[in-house]
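For reference, the structure is listed below as structure tokens.
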Amino acid sequence: MRGIIAAGVHVPYHRLDRSEIAALFGKGGGQGTRSVASYDEDTTTMGAEAARNALRNAAGVDVDSLWFATSTPAYLEKTNATAIHAALRLAPSAGALDMGGALRSGIGTLRTALSGTGTTLVVSSDIRDGMATSGDEAAGGDGAAALLVGDDAAGTVIAEYLGSGVATDELLERWRIPGAPRSRVWEERFGEVAYAPLMQEAFAAALADAGISSDGVDHLALTGMHNRAVKRNRARLGVPSERIVDDLADTVGNTGTAHCGLMLASALEGAGPDEAIVLVVLADGVEAVVLRTTEAIVDHHVSSTVSAQIAAGGSVSYGKYLSWRQMVAVEPPNRPAPNRPSASAAHRRQTWKFGFVGTRDRSSRMVHLPPARVSEKGGAVDDMEPLAMADTEGAIASFTVDKLVYSPSPPVVFAVVDFDGGGRAPLELTDVSADEVEVGGRVEPTFRRLYTSDEIHNYFWKARPVRSVGAASAGPPRED
Amino acid sequence: MGSHGIKDQVAIIGVGCTPFAEHWDSSLDDLIIDGAQATYASAGVTQDDIDAFWFGTSQSAASGLAMGSPLKIHGKPITRVENYCATGSEAMRQAAYAVASGAYDLVMALGAEKVKDGGYQGLNAFPIPTDGTQRTLTAAAMFSLILPAYAAKYSIDEDDLRYAVAKIAEKNHYNGARNPLAQFRRETSAEQICQMAAVAGRLSVFDCAGVADGAAGAIMCRAEDAHKYCDDPLYIKALSVVAGTGAGSLDPDYDYTTLNESKWAADDAYAQADVVDPAAEIAMAEVHDCFTPTELVLMEDLGFSKRGEAYRDVLGGAFALDGRLPVNTDGGLKSFGHPVGASGLRMLYEVWLQLRGAAPGDRRIPTSDRTLGLTHNLGGYPGEMVSFVGIYGTELG
């Protein structure tokens, strides 16, 4: 049996209330909220967070390959998946590939993994924005999903892959030139009409491949950036509306490349055993995938669910959102911008910088963050073992708010964090407001982009408050 | 093995200091020349009389050439010294040890910093290529970590503690207002400071040292030669430097209510100088008040206050000009300004004036039977710093 072993998502903490858009501009926006990637998040960091959540739900499974799909990559030419690979501390023998560019790469990568071999972590991530007041700005959402695909020999399969269907078409309904600030779309009616037969073809082909009828579909997860085509053509598939999976439009928005993964994760959380889930995605044609949940889903524990992450969000003002997306240029602190990180220094220290792996002295047991060769206690030389800290919570020993220092989004909220089981690190806090920080407050590490200098993204770890819903810690630090 | 010090082996025969200010019209070379001339004049010697030079600057220049070239020092050893904000004291320490070793008869330490050509407020570290994971907080934010930790440890209301450290700034502004060389010569009140906007934790801009350009220097010889140059020299009783391991940022046992390296340097210096009860034996002290909480905890680390009581002593005026142990009688970093490489030698300049009764009358400390002065100079942050303590006296023995 082959299928989904685990799923994990990352819904960014911040939410934009869509009514703020019309309040400022007199048009645009709408009802509900959309998710907003923080200034220190990009598709790579969100992908890493989603992947961390997926692997937490699949303890002991070895990953052969990591495939990363996004339409908004942090880098071109340089592989983004390698940063996620490093943040997950995967073995060098595990592959890491970008499947970037087109929105279709999200579903395409998943389908390819399901119909292939080996254990593949399929990560999809997107930041969806548009010009102020645009439909894309309001309807879009930021987020990431990770699906661990493999055989039951590698791990417990919670949803078996039954089949798929594809209807490819060369279709110019949405496009974006690399580097352009917004996507362009053709007249909506064109796509609505063009997608209708493609949906039916792919859906029918998938059901035939899986050997089920439309009556047997328990959960239909239907998505695409062409919202009108999705909504208007839905009824043609013959699945009752109560079996259609919530598209999260009211809370998260459409996360583009990541959205099929997000909806699948959400559907899995709501599914019982032996239920058929069909994923249909409209993007330059249509791809459909059919899965059936197994008995294992009953006992499958999800550490940070989609619904918990949606519930744990906090608001961001429209002004801050526009500045984070660089739609509005805000005066920076009059301090020197940070130096670019050194490629060779970062390479030497990648297990620390990307993996948040410190060291522990074997004799004194003292934890050293960052890793050290000589122990602070006892002075033992080169007698350290690596200690992965990324999944360890800590408590705030002291904190401050720095309004003077350079930051892409001042002020910097900063804490000295004492980790459970030992070890201290001074870390920037994120997804936090200064007035909720207190000595003793609980925090957990999160992979972020500190700043970009000289077109180099400086990735490292920050700490964020442990929100009571969906706390993600896996306990004490892990010896790698 | 042991730290023996050089008590009574080396004499200070002249100390000079430029005004500390935003010297928009002076270059580093100008500051070096003006600082050196003031120091030569104080000692009554010429440049040619000096056998070796130590030049302290943190970031304004590199190598001995930076001093030799503007002063046209021919054929002499010049060593550039750097040890964060303790650079000036470190230059003086190296020069004093060279005399004590017998290598030279007459030496000079000069510290200078040109900070105001950078285009940004505050001090900005020279960027060294790294993996990009280093913390990038301002020094103000790092030292602001002291207040919540101190308040919690000693069960002090945070507003009360914030007022107490503002009183430190008030005192240092009062003293600086009586110092013609100081950057800020206006008095201000703790109440005014408490009303200012916070920029780092609870700290306002007025809790931070002044950022100034300037230079200061000292000339030293063997103690037995001192009276060839000077009727009333100072004798070095102790010089101590402790560089930490950065333990505070990795050891959960560190609690941000003490500056360990300063405590260790003080302990070493007191042992070198045979000081048993610093609160009773030291006549006055110049300490590194880079931020107001720093001076607060230093009163405990230097043994001037008992643990947890510095804040009461501050409120009681113990360290005012007329207090039991006057601290930062020249206004300190807060009011005199902080040209990094010069500050340690500027502190010595005030000790030189006060112990010899040469300070201006409106800030002169009352005469007493105490003959020792202390300078404390640090660089870095709580839990990760270099720290210097020097003790000087008017009498041998």
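Labels used: A, B, ... for chains in the order of the structure tokens, numbers from 1 for residues in each chain, and numbers from 1 for ligands as shown.
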Going by DSSP on the backbone, which bits of stretch 52-181 of chain A are strand (DSSP E)? Write them as a PDB file with C-alpha atoms, in the first residue's frame, please.
ATOM      1  CA  SER A  65      13.443  12.956  -1.002  1.00  0.00           C
ATOM      2  CA  LEU A  66      12.090  16.418  -0.280  1.00  0.00           C
ATOM      3  CA  TRP A  67      10.228  18.111  -3.116  1.00  0.00           C
ATOM      4  CA  PHE A  68       9.366  21.759  -2.707  1.00  0.00           C
ATOM      5  CA  ALA A  69       6.717  23.482  -4.806  1.00  0.00           C
ATOM      6  CA  GLY A  95      17.344  14.483  -2.147  1.00  0.00           C
ATOM      7  CA  ALA A  96      16.008  18.043  -2.211  1.00  0.00           C
ATOM      8  CA  LEU A  97      14.389  19.497  -5.312  1.00  0.00           C
ATOM      9  CA  ASP A  98      12.506  22.663  -6.157  1.00  0.00           C
ATOM     10  CA  THR A 120       8.934  11.649  -0.359  1.00  0.00           C
ATOM     11  CA  LEU A 121       8.141  14.717   1.677  1.00  0.00           C
ATOM     12  CA  VAL A 122       6.056  16.941  -0.585  1.00  0.00           C
ATOM     13  CA  VAL A 123       6.202  20.534   0.628  1.00  0.00           C
ATOM     14  CA  SER A 124       4.208  23.312  -0.968  1.00  0.00           C
ATOM     15  CA  SER A 125       4.207  26.920   0.102  1.00  0.00           C
ATOM     16  CA  ASP A 126       3.006  30.235  -1.227  1.00  0.00           C
ATOM     17  CA  GLY A 143       0.684  29.246   4.054  1.00  0.00           C
ATOM     18  CA  ALA A 144       2.389  25.940   3.513  1.00  0.00           C
ATOM     19  CA  ALA A 145       1.566  22.262   3.610  1.00  0.00           C
ATOM     20  CA  ALA A 146       3.707  19.161   3.806  1.00  0.00           C
ATOM     21  CA  LEU A 147       2.597  15.647   2.951  1.00  0.00           C
ATOM     22  CA  LEU A 148       4.747  12.641   3.673  1.00  0.00           C
ATOM     23  CA  VAL A 149       4.166  10.111   0.909  1.00  0.00           C
ATOM     24  CA  GLY A 150       5.431   6.551   0.986  1.00  0.00           C
ATOM     25  CA  ASP A 151       4.789   2.838   1.178  1.00  0.00           C
ATOM     26  CA  ALA A 159      -4.681   7.459   3.388  1.00  0.00           C
ATOM     27  CA  GLU A 160      -4.058   5.046   0.536  1.00  0.00           C
ATOM     28  CA  TYR A 161      -3.487   6.381  -2.973  1.00  0.00           C
ATOM     29  CA  LEU A 162      -6.111   4.926  -5.295  1.00  0.00           C
ATOM     30  CA  GLY A 163      -5.608   6.779  -8.540  1.00  0.00           C
ATOM     31  CA  SER A 164      -5.496  10.045 -10.401  1.00  0.00           C
ATOM     32  CA  GLY A 165      -6.706  11.851 -13.489  1.00  0.00           C
ATOM     33  CA  VAL A 166      -5.207  14.617 -15.563  1.00  0.00           C
ATOM     34  CA  ALA A 167      -6.611  17.005 -18.165  1.00  0.00           C
ATOM     35  CA  THR A 168      -3.862  19.261 -19.443  1.00  0.00           C
ATOM     36  CA  ARG A 174      -3.576  33.701 -15.128  1.00  0.00           C
ATOM     37  CA  TRP A 175       0.094  34.591 -15.513  1.00  0.00           C
TER      38      TRP A 175
END
Problem set entry | Long-range neighbours of B:Val386 as an MDAnalysis selection string, 6 Å cut-off, only C-alpha atoms, 5 positions minimum in chain | chainID B and resid 242:243 378:379
Okay, now the selection with C-alpha atoms, as a PDB file, in the first residue's frame?
ATOM      1  CA  VAL B 242      39.150  40.179  33.157  1.00  0.00           C
ATOM      2  CA  ALA B 243      37.813  39.013  29.803  1.00  0.00           C
ATOM      3  CA  LEU B 378      34.144  47.735  30.681  1.00  0.00           C
ATOM      4  CA  GLY B 379      33.362  46.658  27.153  1.00  0.00           C
TER       5      GLY B 379
END
For this session: Find the residues in chain B near chain A: any atom within 9 Å counts, using only C-alpha atoms. Write them as a PyMOL selection string.
Result: chain B and resi 119-122+124+127-133+135-138+140-142+144-146+148-149+198-202+245+247-252+255-256
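Proximity to stretch 94-102 of chain B at 9 Å, evaluated using only C-alpha atoms and with sequence-adjacent residues fewer than 4 positions away removed, yields Ile6, Gln9, Val10, Ala11, Ile12, Ala52, Phe53, Trp54, Val81, Ser89, Glu90, Leu106, Val107, Met108, Ala109, Ile219, Met220, Cys221, Arg222, Ile236 and Leu239 of chain B.
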Take the residues from that selection and put them in a file with C-alpha atoms, as an mmCIF file, in the first residue's frame.
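Writing done, so here's selection17.cif:
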data_model
loop_
_atom_site.group_PDB
_atom_site.id
_atom_site.type_symbol
_atom_site.label_atom_id
_atom_site.label_comp_id
_atom_site.auth_asym_id
_atom_site.auth_seq_id
_atom_site.Cartn_x
_atom_site.Cartn_y
_atom_site.Cartn_z
ATOM 1 C CA ILE B 6 52.715 46.284 40.217
ATOM 2 C CA GLN B 9 56.232 50.439 40.994
ATOM 3 C CA VAL B 10 54.880 52.909 38.445
ATOM 4 C CA ALA B 11 53.953 56.579 38.798
ATOM 5 C CA ILE B 12 51.609 58.676 36.725
ATOM 6 C CA ALA B 52 57.369 54.086 23.890
ATOM 7 C CA PHE B 53 53.713 54.660 23.101
ATOM 8 C CA TRP B 54 50.474 52.669 23.389
ATOM 9 C CA VAL B 81 45.517 48.443 21.535
ATOM 10 C CA SER B 89 42.386 51.479 30.198
ATOM 11 C CA GLU B 90 44.012 48.560 28.414
ATOM 12 C CA LEU B 106 59.057 57.038 30.170
ATOM 13 C CA VAL B 107 55.915 55.855 28.362
ATOM 14 C CA MET B 108 52.684 57.283 27.148
ATOM 15 C CA ALA B 109 49.224 55.796 26.709
ATOM 16 C CA ILE B 219 52.472 59.544 30.930
ATOM 17 C CA MET B 220 54.138 57.130 33.311
ATOM 18 C CA CYS B 221 57.580 56.414 34.717
ATOM 19 C CA ARG B 222 59.134 54.270 37.453
ATOM 20 C CA ILE B 236 49.520 52.805 40.451
ATOM 21 C CA LEU B 239 45.564 47.223 37.320
#
Problem set entry | Residues of stretch 64-217 of chain A in helix (DSSP H, G or I), written as a ChimeraX atom specification | /A:81-87,105-114,135-139,188-210,214-216
For this session: For B:Tyr150, please output as a PyMOL selection string all residues within 12 Å (counting only C-alpha atoms; exclusion window: fewer than 3 positions along the same chain).
Result: (chain A and resi 397-398+439) or (chain B and resi 143-147+153-158+160-162+165+254-259+293-294+296-297+300+307-311)
Deliver the residues from the most recent selection as a file, using C-alpha atoms, as a PDB file, in the first residue's frame.
ATOM      1  CA  ALA A 397      14.635  34.480  31.611  1.00  0.00           C
ATOM      2  CA  SER A 398      14.637  38.193  30.729  1.00  0.00           C
ATOM      3  CA  VAL A 439       9.565  36.547  32.498  1.00  0.00           C
TER       4      VAL A 439
ATOM      5  CA  PHE B 143      21.860  46.485  29.382  1.00  0.00           C
ATOM      6  CA  SER B 144      18.111  47.083  29.745  1.00  0.00           C
ATOM      7  CA  LEU B 145      17.834  43.345  30.531  1.00  0.00           C
ATOM      8  CA  ILE B 146      19.208  44.163  33.985  1.00  0.00           C
ATOM      9  CA  LEU B 147      16.149  46.035  35.228  1.00  0.00           C
ATOM     10  CA  LYS B 153      15.350  39.157  42.290  1.00  0.00           C
ATOM     11  CA  TYR B 154      15.080  41.787  45.026  1.00  0.00           C
ATOM     12  CA  SER B 155      11.290  42.224  44.925  1.00  0.00           C
ATOM     13  CA  ILE B 156      11.495  45.869  43.949  1.00  0.00           C
ATOM     14  CA  ASP B 157       8.669  47.546  42.096  1.00  0.00           C
ATOM     15  CA  GLU B 158       9.838  48.095  38.498  1.00  0.00           C
ATOM     16  CA  ASP B 160      10.649  52.370  41.727  1.00  0.00           C
ATOM     17  CA  LEU B 161      13.737  50.781  40.219  1.00  0.00           C
ATOM     18  CA  ARG B 162      13.330  52.738  37.025  1.00  0.00           C
ATOM     19  CA  VAL B 165      18.419  54.460  37.869  1.00  0.00           C
ATOM     20  CA  TYR B 254      23.538  33.857  34.971  1.00  0.00           C
ATOM     21  CA  ASP B 255      20.697  36.104  36.128  1.00  0.00           C
ATOM     22  CA  TYR B 256      21.509  39.601  34.754  1.00  0.00           C
ATOM     23  CA  THR B 257      21.791  41.228  38.183  1.00  0.00           C
ATOM     24  CA  THR B 258      25.587  41.309  38.287  1.00  0.00           C
ATOM     25  CA  LEU B 259      28.489  41.896  35.936  1.00  0.00           C
ATOM     26  CA  PRO B 293      21.490  50.155  35.181  1.00  0.00           C
ATOM     27  CA  THR B 294      25.199  49.469  34.671  1.00  0.00           C
ATOM     28  CA  LEU B 296      23.549  50.516  39.668  1.00  0.00           C
ATOM     29  CA  VAL B 297      24.872  46.947  39.655  1.00  0.00           C
ATOM     30  CA  GLU B 300      27.491  46.099  44.242  1.00  0.00           C
ATOM     31  CA  ARG B 307      23.908  42.983  47.256  1.00  0.00           C
ATOM     32  CA  GLY B 308      20.407  44.198  46.603  1.00  0.00           C
ATOM     33  CA  GLU B 309      21.002  47.520  48.345  1.00  0.00           C
ATOM     34  CA  ALA B 310      22.591  49.660  45.637  1.00  0.00           C
ATOM     35  CA  TYR B 311      19.239  51.062  44.704  1.00  0.00           C
TER      36      TYR B 311
END
Problem set entry | Nearby residues (only C-alpha atoms) at most 8 Å from stretch 175-180 of chain B, same-chain spacing under 5 positions excluded, as an MDAnalysis selection string | chainID B and resid 19 185:187 321 328:332 335:336 360 362:363
Could you dump the residues just selected with C-alpha atoms as an mmCIF file, in the first residue's frame?
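Contents of out.cif, freshly written:
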data_model
loop_
_atom_site.group_PDB
_atom_site.id
_atom_site.type_symbol
_atom_site.label_atom_id
_atom_site.label_comp_id
_atom_site.auth_asym_id
_atom_site.auth_seq_id
_atom_site.Cartn_x
_atom_site.Cartn_y
_atom_site.Cartn_z
ATOM 1 C CA PRO B 19 36.895 68.298 25.496
ATOM 2 C CA ARG B 185 26.588 70.361 30.731
ATOM 3 C CA ARG B 186 22.933 70.681 31.617
ATOM 4 C CA GLU B 187 21.310 69.363 34.741
ATOM 5 C CA LEU B 321 29.592 64.657 45.181
ATOM 6 C CA ASN B 328 31.570 59.782 38.428
ATOM 7 C CA THR B 329 32.376 63.222 39.762
ATOM 8 C CA ASP B 330 33.158 64.403 36.218
ATOM 9 C CA GLY B 331 29.744 63.362 34.892
ATOM 10 C CA GLY B 332 30.779 59.882 33.767
ATOM 11 C CA SER B 335 27.481 63.388 30.778
ATOM 12 C CA PHE B 336 31.165 63.625 29.833
ATOM 13 C CA PRO B 360 37.377 72.669 39.866
ATOM 14 C CA ASP B 362 32.321 73.260 42.271
ATOM 15 C CA ARG B 363 32.845 69.536 41.784
#
Problem set entry | Shell around A:Ile5 at 12 Å using only C-alpha atoms, local window under 6 positions removed, as a VMD selection string | chain A and resid 54 to 63 114 119 to 122 146 to 161 265 268 291 293 to 294 296 to 297 300 to 302
With C-alpha atoms retained, could you export that selection as a compact mmCIF listing (two decimals), in the first residue's frame?
# COMPACT_ATOMS: atom_id res chain seq x y z
CA ALA A 54 4.43 16.70 9.24
CA LEU A 55 7.49 14.87 10.52
CA ARG A 56 6.36 15.29 14.12
CA ASN A 57 3.34 13.22 13.09
CA ALA A 58 5.54 10.53 11.55
CA ALA A 59 8.16 9.66 14.13
CA GLY A 60 10.89 7.37 12.91
CA VAL A 61 10.10 7.57 9.19
CA ASP A 62 13.17 8.12 6.99
CA VAL A 63 12.73 10.60 4.16
CA LEU A 114 1.93 9.30 -4.93
CA THR A 119 9.42 8.09 0.78
CA THR A 120 8.93 11.65 -0.36
CA LEU A 121 8.14 14.72 1.68
CA VAL A 122 6.06 16.94 -0.59
CA ALA A 146 3.71 19.16 3.81
CA LEU A 147 2.60 15.65 2.95
CA LEU A 148 4.75 12.64 3.67
CA VAL A 149 4.17 10.11 0.91
CA GLY A 150 5.43 6.55 0.99
CA ASP A 151 4.79 2.84 1.18
CA ASP A 152 3.48 1.07 4.25
CA ALA A 153 6.87 -0.58 4.56
CA ALA A 154 8.30 2.84 5.40
CA GLY A 155 5.56 4.08 7.71
CA THR A 156 1.93 3.73 8.63
CA VAL A 157 -0.23 4.89 5.73
CA ILE A 158 -3.27 6.89 6.88
CA ALA A 159 -4.68 7.46 3.39
CA GLU A 160 -4.06 5.05 0.54
CA TYR A 161 -3.49 6.38 -2.97
CA ALA A 265 -4.57 18.01 5.52
CA LEU A 268 -7.72 14.13 6.69
CA LEU A 291 -7.21 8.65 -1.65
CA THR A 293 -8.33 6.69 4.55
CA THR A 294 -7.19 3.58 6.40
CA ALA A 296 -4.69 3.83 11.00
CA ILE A 297 -6.18 7.29 10.80
CA HIS A 300 -3.11 8.97 14.12
CA HIS A 301 -2.16 11.90 16.34
CA VAL A 302 -1.77 15.30 14.71
For this session: Take atom CA of B:His227 and atom CA of B:Ile282 and report the distance between them in Å, one decimal.
Result: 24.2 Å
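The space separating atom CA of A:Arg467 from atom CA of A:Gly141 comes to 21.1 Å.
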